[in-house]
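Colleague: Please find target-v7.txt (compact mmCIF, C-alpha atoms) on the next line:
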```
# COMPACT_ATOMS: atom_id res chain seq x y z
CA MET W 1 13.75 15.84 -15.25
CA ALA W 2 16.53 15.12 -17.74
CA GLU W 3 16.94 18.81 -18.49
CA SER W 4 16.40 19.81 -14.90
CA ILE W 5 19.89 18.64 -13.92
CA LEU W 6 21.16 21.42 -16.15
CA ASN W 7 18.37 23.90 -15.30
CA PRO W 8 17.23 22.85 -11.82
CA THR W 9 13.55 23.40 -11.06
CA ILE W 10 12.01 23.72 -7.63
CA SER W 11 11.02 20.02 -7.55
CA PHE W 12 14.65 19.04 -8.17
CA TYR W 13 15.78 21.13 -5.17
CA LEU W 14 13.02 19.59 -3.06
CA LEU W 15 14.14 16.08 -4.08
CA MET W 16 17.74 16.84 -3.12
CA LEU W 17 16.62 18.33 0.21
CA SER W 18 14.44 15.34 1.03
CA SER W 19 17.22 12.89 0.13
CA VAL W 20 19.50 14.67 2.63
CA VAL W 21 16.72 14.45 5.22
CA LEU W 22 16.31 10.72 4.48
CA VAL W 23 20.03 10.02 4.96
CA CYS W 24 20.04 11.93 8.27
CA ALA W 25 16.89 10.11 9.44
CA SER W 26 18.34 6.67 8.66
CA GLY W 27 21.51 7.56 10.53
CA TRP W 28 19.48 8.66 13.53
CA LEU W 29 17.43 5.45 13.26
CA VAL W 30 20.54 3.25 13.43
CA PHE W 31 21.98 4.97 16.52
CA SER W 32 18.78 5.57 18.54
CA LYS W 33 18.52 3.55 21.77
CA ASN W 34 14.79 3.99 22.27
CA LEU W 35 12.30 1.84 20.35
CA LEU W 36 9.52 4.43 20.56
CA GLN W 37 11.85 7.04 19.06
CA SER W 38 12.82 4.72 16.18
CA VAL W 39 9.17 3.98 15.35
CA ILE W 40 8.44 7.72 15.13
CA ILE W 41 11.54 8.26 12.96
CA MET W 42 10.44 5.44 10.65
CA SER W 43 7.03 7.05 10.29
CA ALA W 44 8.62 10.39 9.41
CA PHE W 45 10.93 8.61 6.97
CA SER W 46 7.90 7.15 5.16
CA LEU W 47 6.28 10.58 5.03
CA VAL W 48 9.36 12.20 3.46
CA ILE W 49 9.93 9.38 0.98
CA SER W 50 6.28 9.59 -0.10
CA LEU W 51 6.92 13.28 -0.85
CA CYS W 52 9.79 12.09 -3.08
CA TYR W 53 7.43 9.70 -4.92
CA LEU W 54 4.95 12.54 -5.39
CA LEU W 55 7.65 14.79 -6.85
CA MET W 56 8.62 12.01 -9.27
CA ASP W 57 5.01 11.85 -10.58
CA ALA W 58 3.93 8.60 -8.90
CA PRO W 59 0.85 9.55 -6.82
CA ASP W 60 -0.31 5.93 -6.44
CA VAL W 61 2.94 4.82 -4.85
CA ALA W 62 2.99 7.94 -2.66
CA MET W 63 -0.53 7.19 -1.43
CA THR W 64 0.38 3.59 -0.61
CA GLU W 65 3.54 4.67 1.20
CA VAL W 66 1.70 7.24 3.35
CA SER W 67 -1.18 4.98 4.31
CA LEU W 68 0.85 1.79 4.85
CA GLY W 69 4.25 3.03 6.00
CA ALA W 70 3.38 6.15 7.91
CA CYS W 71 -0.01 5.17 9.35
CA LEU W 72 -0.75 1.45 9.52
CA SER W 73 2.65 -0.08 10.27
CA THR W 74 3.30 2.66 12.84
CA CYS W 75 0.09 1.72 14.67
CA VAL W 76 1.00 -1.98 14.61
CA LEU W 77 4.55 -1.30 15.84
CA LEU W 78 3.26 1.00 18.61
CA ASN W 79 1.02 -1.85 19.78
CA LEU W 80 4.00 -4.18 19.83
CA ILE W 81 6.00 -1.63 21.85
CA LYS W 82 3.20 -1.50 24.39
CA ILE W 83 3.58 -5.26 24.83
CA PHE W 84 7.38 -5.49 24.95
CA GLY W 85 8.45 -2.15 26.46
CA GLU W 86 10.39 0.60 24.76
CA ASN W 87 13.98 0.11 25.93
CA VAL W 88 16.52 -1.88 23.92
CA ARG W 89 18.65 -4.23 25.97
CA GLN W 90 22.34 -3.30 25.74
CA SER W 91 24.70 -5.99 24.59
CA ASP W 92 27.28 -7.02 27.24
CA ASN W 93 30.16 -7.71 24.87
CA LYS W 94 31.26 -4.18 23.95
CA LEU W 95 34.38 -5.16 22.01
CA GLY W 96 32.56 -7.70 19.85
CA ASN W 97 29.90 -5.10 19.17
CA ARG W 98 32.52 -2.62 18.00
CA THR W 99 34.22 -5.04 15.60
CA LYS W 100 30.88 -5.99 14.10
CA ILE W 101 30.09 -2.30 13.52
CA PHE W 102 33.51 -1.81 11.89
CA PHE W 103 33.02 -4.66 9.42
CA ALA W 104 29.43 -3.64 8.71
CA THR W 105 30.52 -0.07 7.97
CA LEU W 106 33.28 -1.30 5.65
CA LEU W 107 30.82 -3.53 3.76
CA CYS W 108 28.32 -0.67 3.45
CA LEU W 109 30.99 1.70 2.12
CA VAL W 110 32.10 -0.86 -0.48
CA LEU W 111 28.47 -1.35 -1.50
CA ILE W 112 27.94 2.42 -1.79
CA GLY W 113 31.04 2.64 -4.01
CA ILE W 114 29.78 -0.18 -6.27
CA LEU W 115 26.33 1.40 -6.55
CA ILE W 116 27.75 4.84 -7.41
CA PHE W 117 30.02 3.23 -10.04
CA ALA W 118 27.03 1.34 -11.51
CA GLY W 119 24.91 4.49 -11.45
CA TYR W 120 27.10 6.16 -14.07
CA ASN W 121 25.90 3.69 -16.70
CA LEU W 122 22.18 4.12 -15.99
CA PRO W 123 20.11 6.27 -18.37
CA LEU W 124 19.06 9.67 -17.04
CA TYR W 125 15.82 9.81 -15.05
CA GLY W 126 12.84 10.31 -17.36
CA LYS W 127 14.93 10.23 -20.54
CA GLU W 128 12.70 9.54 -23.53
CA ASP W 129 14.73 6.96 -25.45
CA SER W 130 15.86 4.83 -22.50
CA PRO W 131 15.11 1.07 -22.80
CA VAL W 132 12.40 1.24 -20.11
CA GLN W 133 10.43 3.95 -21.86
CA SER W 134 10.76 2.78 -25.45
CA HIS W 135 8.98 -0.59 -25.69
CA LEU W 136 6.35 -1.64 -23.14
CA THR W 137 5.60 1.78 -21.66
CA ARG W 138 5.08 3.21 -25.13
CA TYR W 139 2.64 0.39 -25.97
CA TYR W 140 0.61 1.10 -22.80
CA LEU W 141 0.60 4.86 -23.43
CA GLU W 142 -0.58 4.49 -27.01
CA ASN W 143 -3.14 1.70 -26.67
CA THR W 144 -4.81 2.12 -23.26
CA ALA W 145 -7.31 4.69 -24.54
CA THR W 146 -8.46 2.50 -27.43
CA GLU W 147 -8.21 -0.95 -25.81
CA ILE W 148 -9.33 -0.31 -22.22
CA GLY W 149 -10.87 3.16 -22.33
CA VAL W 150 -9.91 4.05 -18.73
CA PRO W 151 -8.33 7.43 -17.85
CA SER W 152 -5.96 6.05 -15.20
CA LEU W 153 -3.09 4.11 -16.79
CA VAL W 154 -2.13 2.49 -13.50
CA ALA W 155 -5.60 1.04 -12.96
CA ALA W 156 -5.69 -0.23 -16.55
CA ILE W 157 -2.32 -1.98 -16.22
CA LEU W 158 -2.95 -3.39 -12.73
CA ALA W 159 -6.52 -4.60 -13.19
CA SER W 160 -6.73 -5.46 -16.88
CA TYR W 161 -3.37 -5.98 -18.61
CA ARG W 162 -1.86 -7.60 -15.51
CA GLY W 163 -5.07 -8.92 -13.93
CA PHE W 164 -3.62 -12.33 -13.16
CA ASP W 165 -0.70 -10.82 -11.22
CA THR W 166 -3.07 -8.72 -9.14
CA LEU W 167 -5.15 -11.82 -8.35
CA GLY W 168 -1.97 -13.44 -7.02
CA GLU W 169 -1.12 -10.36 -4.95
CA THR W 170 -4.59 -10.27 -3.41
CA THR W 171 -4.31 -13.95 -2.52
CA VAL W 172 -0.91 -13.33 -0.93
CA ILE W 173 -2.40 -10.57 1.26
CA LEU W 174 -5.22 -12.91 2.31
CA ILE W 175 -2.73 -15.67 3.17
CA ALA W 176 -0.64 -13.22 5.20
CA GLY W 177 -3.71 -12.21 7.23
CA ILE W 178 -4.69 -15.84 7.80
CA ALA W 179 -1.14 -16.67 8.93
CA VAL W 180 -1.10 -13.78 11.43
CA VAL W 181 -4.43 -14.91 12.88
CA LEU W 182 -3.32 -18.55 13.10
CA ILE W 183 -0.06 -17.69 14.88
CA LEU W 184 -1.10 -14.85 17.18
CA ALA W 185 -4.80 -15.20 17.95
CA ARG W 186 -5.93 -16.37 21.36
CA ARG W 187 -7.36 -19.88 21.42
CA LYS W 188 -10.34 -19.17 23.72
CA GLU W 189 -12.95 -16.67 22.54
CA MET D 190 -5.83 4.00 24.74
CA LEU D 191 -6.60 7.66 24.16
CA LYS D 192 -9.87 7.64 26.07
CA ASN D 193 -8.68 10.13 28.67
CA PHE D 194 -7.50 12.86 26.29
CA VAL D 195 -10.53 15.03 25.51
CA ILE D 196 -9.08 17.05 22.63
CA ILE D 197 -7.63 14.04 20.78
CA ARG D 198 -10.86 12.09 21.28
CA LYS D 199 -13.02 14.89 19.87
CA VAL D 200 -10.74 15.64 16.91
CA VAL D 201 -10.33 11.98 15.93
CA SER D 202 -14.05 11.26 16.23
CA PHE D 203 -14.66 14.28 13.98
CA ILE D 204 -12.17 13.04 11.37
CA ILE D 205 -13.19 9.34 11.17
CA PRO D 206 -16.27 9.82 8.87
CA TYR D 207 -14.17 11.79 6.41
CA ILE D 208 -11.46 9.11 6.35
CA VAL D 209 -14.08 6.46 5.54
CA LEU D 210 -15.70 8.73 2.94
CA TYR D 211 -12.31 9.31 1.31
CA ALA D 212 -11.75 5.56 1.20
CA PHE D 213 -15.05 5.07 -0.63
CA TYR D 214 -14.21 7.94 -2.99
CA ILE D 215 -10.91 6.32 -3.94
CA GLU D 216 -12.56 2.92 -4.31
CA LEU D 217 -15.30 4.18 -6.64
CA ASN D 218 -13.01 6.46 -8.69
CA GLY D 219 -10.26 3.85 -8.99
CA GLU D 220 -10.19 3.91 -12.78
CA SER D 221 -10.14 7.69 -13.23
CA SER D 222 -7.94 9.04 -10.43
CA PRO D 223 -4.79 7.94 -8.61
CA GLY D 224 -5.28 5.15 -6.13
CA GLY D 225 -7.30 1.98 -6.42
CA GLY D 226 -8.61 -0.93 -4.41
CA PHE D 227 -5.43 -1.41 -2.38
CA GLN D 228 -5.12 2.23 -1.28
CA ALA D 229 -8.84 2.47 -0.51
CA GLY D 230 -8.66 -0.65 1.62
CA VAL D 231 -5.70 0.60 3.62
CA ILE D 232 -7.34 4.01 4.22
CA PHE D 233 -10.57 2.32 5.36
CA ALA D 234 -8.54 0.15 7.74
CA SER D 235 -6.81 3.23 9.16
CA GLY D 236 -10.26 4.72 9.84
CA ILE D 237 -11.16 1.62 11.83
CA ILE D 238 -7.84 1.81 13.70
CA ALA D 239 -8.63 5.42 14.65
CA PHE D 240 -12.01 4.22 15.95
CA ASP D 241 -10.22 1.55 17.95
CA LEU D 242 -7.81 4.11 19.42
CA ILE D 243 -10.54 6.32 20.85
CA LYS D 244 -13.26 3.79 21.71
CA GLY D 245 -11.26 0.83 22.96
CA TYR D 246 -11.03 -2.78 21.85
CA LYS D 247 -14.40 -3.94 23.21
CA GLU D 248 -16.39 -1.41 21.16
CA THR D 249 -14.48 -2.28 17.98
CA LYS D 250 -14.98 -5.97 18.58
CA LYS D 251 -18.77 -5.49 18.50
CA PHE D 252 -18.71 -4.33 14.88
CA PHE D 253 -15.56 -5.96 13.50
CA SER D 254 -15.13 -9.37 15.07
CA SER D 255 -12.39 -11.55 13.60
CA LYS D 256 -14.95 -13.96 12.15
CA VAL D 257 -16.65 -11.19 10.10
CA LEU D 258 -13.28 -9.85 8.93
CA CYS D 259 -12.11 -13.33 7.84
CA ILE D 260 -15.33 -13.83 5.85
CA CYS D 261 -14.93 -10.39 4.18
CA ALA D 262 -11.29 -11.10 3.28
CA VAL D 263 -12.17 -14.40 1.62
CA LEU D 264 -15.19 -12.80 -0.08
CA GLY D 265 -12.94 -10.23 -1.78
CA VAL D 266 -10.76 -12.89 -3.37
CA ILE D 267 -13.89 -14.82 -4.39
CA ILE D 268 -15.30 -11.69 -6.13
CA TYR D 269 -12.03 -11.26 -8.00
CA ALA D 270 -11.80 -14.90 -9.07
CA THR D 271 -15.47 -15.06 -10.11
CA THR D 272 -15.06 -11.99 -12.32
CA GLY D 273 -12.31 -13.90 -14.11
CA LEU D 274 -14.41 -17.07 -14.36
CA VAL D 275 -17.09 -15.30 -16.48
CA SER D 276 -14.87 -15.28 -19.56
CA LEU D 277 -14.23 -19.04 -19.37
CA PHE D 278 -17.90 -19.72 -20.21
CA PHE D 279 -17.55 -17.82 -23.50
CA GLY D 280 -14.42 -19.61 -24.64
CA ASP D 281 -11.99 -16.77 -23.83
CA ASN D 282 -8.92 -16.65 -21.61
CA TYR D 283 -9.21 -16.35 -17.83
CA LEU D 284 -9.73 -12.71 -16.66
CA ASN D 285 -10.62 -11.44 -20.14
CA TYR D 286 -13.13 -8.69 -19.40
CA TYR D 287 -14.26 -8.29 -23.02
CA SER D 288 -16.55 -11.29 -22.63
CA ILE D 289 -18.62 -9.42 -19.99
CA ALA D 290 -19.98 -7.48 -22.98
CA LYS D 291 -21.64 -10.68 -24.21
CA ILE D 292 -23.83 -10.94 -21.08
CA PHE D 293 -24.76 -7.47 -19.94
CA ILE D 294 -24.46 -5.22 -22.98
CA SER D 295 -25.98 -5.75 -26.39
CA THR D 296 -23.02 -6.10 -28.74
CA ASP D 297 -24.83 -5.24 -31.97
CA LEU D 298 -25.23 -1.50 -31.21
CA LEU D 299 -21.70 -0.16 -31.03
CA GLU D 300 -19.07 -2.85 -31.02
CA LYS D 301 -16.21 -0.71 -29.69
CA GLN D 302 -18.23 1.18 -27.06
CA SER D 303 -19.68 -1.99 -25.53
CA LEU D 304 -16.23 -3.58 -25.31
CA LEU D 305 -14.86 -0.56 -23.48
CA LYS D 306 -17.86 -0.60 -21.14
CA ALA D 307 -17.19 -4.27 -20.41
CA GLN D 308 -13.61 -3.37 -19.46
CA HIS D 309 -14.98 -0.66 -17.13
CA ILE D 310 -17.30 -3.14 -15.39
CA GLY D 311 -14.55 -5.74 -15.06
CA ILE D 312 -12.03 -3.30 -13.58
CA PHE D 313 -14.65 -1.93 -11.17
CA ALA D 314 -15.58 -5.41 -9.88
CA VAL D 315 -11.96 -6.39 -9.49
CA GLU D 316 -11.14 -3.20 -7.56
CA ILE D 317 -14.03 -3.87 -5.18
CA GLY D 318 -12.68 -7.35 -4.52
CA VAL D 319 -9.15 -6.07 -3.86
CA GLY D 320 -10.44 -3.29 -1.58
CA LEU D 321 -12.54 -5.68 0.50
CA THR D 322 -9.68 -8.13 0.97
CA VAL D 323 -7.08 -5.48 1.83
CA ALA D 324 -9.32 -3.57 4.26
CA SER D 325 -10.36 -6.64 6.21
CA THR D 326 -6.88 -8.18 6.25
CA MET D 327 -5.25 -4.99 7.57
CA CYS D 328 -7.95 -4.70 10.28
CA LEU D 329 -7.47 -8.36 11.10
CA ILE D 330 -3.69 -8.01 11.59
CA TYR D 331 -4.07 -4.89 13.75
CA LEU D 332 -6.91 -6.25 15.89
CA THR D 333 -5.14 -9.58 16.46
CA LEU D 334 -2.11 -7.77 17.86
CA ARG D 335 -4.40 -5.53 19.92
CA GLN D 336 -6.14 -8.57 21.37
CA ASN D 337 -2.83 -9.96 22.59
CA GLN D 338 -1.98 -6.63 24.20
CA ASN D 339 -5.23 -6.66 26.18
CA GLU D 340 -4.31 -10.04 27.55
CA LEU D 341 -1.04 -8.86 29.06
```
Have the structure of the file written as structure tokens, please.

Modeller:
Amino acid sequence: MAESILNPTISFYLLMLSSVVLVCASGWLVFSKNLLQSVIIMSAFSLVISLCYLLMDAPDVAMTEVSLGACLSTCVLLNLIKIFGENVRQSDNKLGNRTKIFFATLLCLVLIGILIFAGYNLPLYGKEDSPVQSHLTRYYLENTATEIGVPSLVAAILASYRGFDTLGETTVILIAGIAVVLILARRKE
Amino acid sequence: MLKNFVIIRKVVSFIIPYIVLYAFYIELNGESSPGGGFQAGVIFASGIIAFDLIKGYKETKKFFSSKVLCICAVLGVIIYATTGLVSLFFGDNYLNYYSIAKIFISTDLLEKQSLLKAQHIGIFAVEIGVGLTVASTMCLIYLTLRQNQNEL
């Protein structure tokens, strides 16, 4: 990808196109008045961003994004809409609303400026001798075949090198489920 | 929900077995292809949600009651933690899969091969635990919200 900024490939054009689509979708999401519409836009947003992950060679993340963001959370949110109704209540104080939007926009623009300024100092995407690629990633790439013997690097890192972290994540998911049941379940069965 | 739409009902009921099959494929091939326990669990849960959409809450409740799902979710974490406990009995660190070689596989044949096989077994068991927990927790969250909707 480092050379592809000079000689753009088709995946680079697709990434640029999908980033434009993502910006448009988030703008539409902010200004939509209908909850049902925003849920559908969020689902489409997840679908497009998972395409981005796939183009950047991260199929695991893309899979998670499609199944969680585009499918599961959409179903849960649609259920919630069926309970609460799909129309957003308009705020009465129009002037206060407008000032809030003005300040929020200013803050966002300042943040965008800071991020663009910081982005100049980042190493190029996929550059070989960047700090991320040179130490830990190189160790995993060189030693997974001899130490773990598993073709998928992601599975080796998640389940074996970082097994304790994954145990914690699994426990967190379990606790989240238990909390949802405790708060929302009906008492009488 | 979608009981009255014939085309959607037929298409979704045709697709559900393949979604579940795909979930099992990802679960069993976790160490050689993209995806793992987490992704498999979420895809399995989305299969169950599709079943719930076309059959209704009462039918789903027959097979996946909240009690069964809670037990499955806890069982997944227990499988994970027990896989880690094995290595403690051989004087190694927690979650060190190399010590599985000392139980199941004879170490004297090929030292390196048996160690790699032990890693395979450990990763496989751990992925099954993660998949079980994620699948049942996602179903649990969805079905709890669905239950509240039926009430209103």

Colleague: One decimal, in Å: what's the spacing between atom CA of Gly230 of chain D and atom CA of Tyr286 of chain D?

Modeller: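 Atom CA of Gly230 of chain D sits 22.9 Å away from atom CA of Tyr286 of chain D.
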
Colleague: Return the single residue from W:Val76, W:Ile40, W:Leu174, W:Ile49 that is closest to Ala324 of chain D, with distances computed using all atoms listed in the file.

Modeller: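 Under the stated criterion, the closest residue is W:Leu174.
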
Colleague: Pick the closest to Tyr214 of chain D from D:Val315, D:Gly226, D:Phe252, D:Ile260: which is it, counting only C-alpha atoms?

Modeller: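 Distance minimum relative to Tyr214 of chain D lands on D:Gly226.
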
Colleague: Please identify every residue of chain D that has at least one atom no farther than 6 Å from an atom of chain W, counting only C-alpha atoms, and for each give the shortest atom pair and the distance in Å to one decimal, arranged by chain then increasing number, as a tab-separated table.

Modeller:
```
residue	atom	partner	partner_atom	distance
D:Glu220	CA	W:Ser152	CA	5.3
D:Ser221	CA	W:Ser152	CA	4.9
D:Ser222	CA	W:Ser152	CA	6.0
D:Pro223	CA	W:Asp60	CA	5.4
D:Gly224	CA	W:Asp60	CA	5.0
D:Gln228	CA	W:Thr64	CA	5.7
D:Leu305	CA	W:Gly149	CA	5.6
D:Gln308	CA	W:Ile148	CA	5.9
D:Ile312	CA	W:Ala159	CA	5.7
D:Thr326	CA	W:Gly177	CA	5.2
D:Tyr331	CA	W:Val76	CA	5.9
D:Thr333	CA	W:Ala185	CA	5.8
D:Gln338	CA	W:Ile83	CA	5.8
```

Colleague: Quick one: of W:Gln133, W:Asn143, W:Ser50, W:Thr74, who's nearest to Ser38 of chain W, counting all atoms listed in the file?

Modeller: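 For Ser38 of chain W, the nearest of the given residues is W:Thr74.
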
Colleague: Atom CA of Val275 of chain D and atom CA of Ala290 of chain D are how many Å apart?

Modeller: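 Here the two named atoms are 10.6 Å from each other.
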
Colleague: Name all residues at most 10 Å from segment 246-249 of chain D (count only C-alpha atoms; drop same-chain ones fewer than 4 positions away) and give them as a PDB file with C-alpha atoms, in the coordinates of the input.

Modeller:
```pdb
ATOM      1  CA  MET D 190      -5.830   4.000  24.740  1.00  0.00           C
ATOM      2  CA  ILE D 237     -11.160   1.620  11.830  1.00  0.00           C
ATOM      3  CA  ILE D 238      -7.840   1.810  13.700  1.00  0.00           C
ATOM      4  CA  PHE D 240     -12.010   4.220  15.950  1.00  0.00           C
ATOM      5  CA  ASP D 241     -10.220   1.550  17.950  1.00  0.00           C
ATOM      6  CA  LEU D 242      -7.810   4.110  19.420  1.00  0.00           C
ATOM      7  CA  PHE D 253     -15.560  -5.960  13.500  1.00  0.00           C
ATOM      8  CA  SER D 254     -15.130  -9.370  15.070  1.00  0.00           C
ATOM      9  CA  LEU D 332      -6.910  -6.250  15.890  1.00  0.00           C
ATOM     10  CA  ARG D 335      -4.400  -5.530  19.920  1.00  0.00           C
ATOM     11  CA  GLN D 336      -6.140  -8.570  21.370  1.00  0.00           C
ATOM     12  CA  ASN D 339      -5.230  -6.660  26.180  1.00  0.00           C
TER      13      ASN D 339
END
```

Colleague: Rounded to one decimal, what separation in Å do you get between atom CA of Phe293 of chain D and atom CA of Ile310 of chain D?

Modeller: 9.8 Å

Colleague: Which residues are near Ile208 of chain D? Cut-off 7 Å, only C-alpha atoms, ignore same chain within fewer than 2 positions. Put them as a PyMOL selection string.

Modeller: chain D and resi 204-206+210-212+232-233+236

Colleague: Deliver the residues from the most recent selection as a file, using C-alpha atoms, as a PDB file, in the frame of the given file.

Modeller:
```pdb
ATOM      1  CA  ILE D 204     -12.170  13.040  11.370  1.00  0.00           C
ATOM      2  CA  ILE D 205     -13.190   9.340  11.170  1.00  0.00           C
ATOM      3  CA  PRO D 206     -16.270   9.820   8.870  1.00  0.00           C
ATOM      4  CA  LEU D 210     -15.700   8.730   2.940  1.00  0.00           C
ATOM      5  CA  TYR D 211     -12.310   9.310   1.310  1.00  0.00           C
ATOM      6  CA  ALA D 212     -11.750   5.560   1.200  1.00  0.00           C
ATOM      7  CA  ILE D 232      -7.340   4.010   4.220  1.00  0.00           C
ATOM      8  CA  PHE D 233     -10.570   2.320   5.360  1.00  0.00           C
ATOM      9  CA  GLY D 236     -10.260   4.720   9.840  1.00  0.00           C
TER      10      GLY D 236
END
```

Colleague: Show me, as a list in words, the residues that have an atom within 10 Å of Ser19 of chain W when counting only C-alpha atoms, minus same-chain residues fewer than 6 positions from it.

Modeller: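 Residues near the query, excluding close chain neighbours: Tyr13, Ala25, Val48, Ile49 and Cys52 of chain W.
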
Colleague: Just checking: using only C-alpha atoms, which residue out of D:Ser235, D:Ser276, D:Asn218, D:Asn193 ends up closest to Cys328 of chain D?

Modeller: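 Closest to Cys328 of chain D of all the choices is D:Ser235.
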
Colleague: Taking all atoms listed in the file into account, name the residue in D:Leu334, D:Phe313, D:Ser303, D:Leu329 that is nearest to Lys256 of chain D.

Modeller: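 Looking at the shortest contact to Lys256 of chain D, the residue is D:Leu329.
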
Colleague: Have a look at W:Leu136, W:Leu109, W:Leu14, W:Leu35 and name the one nearest to Gly85 of chain W; count all atoms listed in the file.

Modeller: W:Leu35

Colleague: For segment 9-23 of chain W, which lacks atoms in the input, supply N, CA and C atoms and format the output as a PDB file, in the coordinates of the input.

Modeller:
```
ATOM      1  N   THR W   9      14.829  22.814 -11.442  1.00  0.00           N
ATOM      2  CA  THR W   9      13.550  23.400 -11.060  1.00  0.00           C
ATOM      3  C   THR W   9      13.383  23.265  -9.562  1.00  0.00           C
ATOM      4  N   ILE W  10      12.222  23.743  -9.081  1.00  0.00           N
ATOM      5  CA  ILE W  10      12.010  23.720  -7.630  1.00  0.00           C
ATOM      6  C   ILE W  10      11.817  22.291  -7.134  1.00  0.00           C
ATOM      7  N   SER W  11      11.229  21.399  -7.979  1.00  0.00           N
ATOM      8  CA  SER W  11      11.020  20.020  -7.550  1.00  0.00           C
ATOM      9  C   SER W  11      12.359  19.289  -7.425  1.00  0.00           C
ATOM     10  N   PHE W  12      13.328  19.664  -8.277  1.00  0.00           N
ATOM     11  CA  PHE W  12      14.650  19.040  -8.170  1.00  0.00           C
ATOM     12  C   PHE W  12      15.316  19.415  -6.850  1.00  0.00           C
ATOM     13  N   TYR W  13      15.226  20.712  -6.465  1.00  0.00           N
ATOM     14  CA  TYR W  13      15.780  21.130  -5.170  1.00  0.00           C
ATOM     15  C   TYR W  13      15.093  20.427  -4.020  1.00  0.00           C
ATOM     16  N   LEU W  14      13.766  20.271  -4.129  1.00  0.00           N
ATOM     17  CA  LEU W  14      13.020  19.590  -3.060  1.00  0.00           C
ATOM     18  C   LEU W  14      13.457  18.133  -2.949  1.00  0.00           C
ATOM     19  N   LEU W  15      13.684  17.481  -4.099  1.00  0.00           N
ATOM     20  CA  LEU W  15      14.140  16.080  -4.080  1.00  0.00           C
ATOM     21  C   LEU W  15      15.492  15.963  -3.400  1.00  0.00           C
ATOM     22  N   MET W  16      16.412  16.881  -3.740  1.00  0.00           N
ATOM     23  CA  MET W  16      17.740  16.840  -3.120  1.00  0.00           C
ATOM     24  C   MET W  16      17.633  17.051  -1.613  1.00  0.00           C
ATOM     25  N   LEU W  17      16.802  18.041  -1.221  1.00  0.00           N
ATOM     26  CA  LEU W  17      16.620  18.330   0.210  1.00  0.00           C
ATOM     27  C   LEU W  17      16.071  17.118   0.943  1.00  0.00           C
ATOM     28  N   SER W  18      15.055  16.466   0.331  1.00  0.00           N
ATOM     29  CA  SER W  18      14.440  15.340   1.030  1.00  0.00           C
ATOM     30  C   SER W  18      15.383  14.144   1.062  1.00  0.00           C
ATOM     31  N   SER W  19      16.266  13.995   0.059  1.00  0.00           N
ATOM     32  CA  SER W  19      17.220  12.890   0.130  1.00  0.00           C
ATOM     33  C   SER W  19      18.214  13.110   1.268  1.00  0.00           C
ATOM     34  N   VAL W  20      18.623  14.375   1.483  1.00  0.00           N
ATOM     35  CA  VAL W  20      19.500  14.670   2.630  1.00  0.00           C
ATOM     36  C   VAL W  20      18.784  14.342   3.938  1.00  0.00           C
ATOM     37  N   VAL W  21      17.512  14.742   4.022  1.00  0.00           N
ATOM     38  CA  VAL W  21      16.720  14.450   5.220  1.00  0.00           C
ATOM     39  C   VAL W  21      16.624  12.949   5.453  1.00  0.00           C
ATOM     40  N   LEU W  22      16.447  12.173   4.358  1.00  0.00           N
ATOM     41  CA  LEU W  22      16.310  10.720   4.480  1.00  0.00           C
ATOM     42  C   LEU W  22      17.603  10.091   4.999  1.00  0.00           C
ATOM     43  N   VAL W  23      18.752  10.568   4.500  1.00  0.00           N
ATOM     44  CA  VAL W  23      20.030  10.020   4.960  1.00  0.00           C
ATOM     45  C   VAL W  23      20.211  10.314   6.448  1.00  0.00           C
TER      46      VAL W  23
END
```
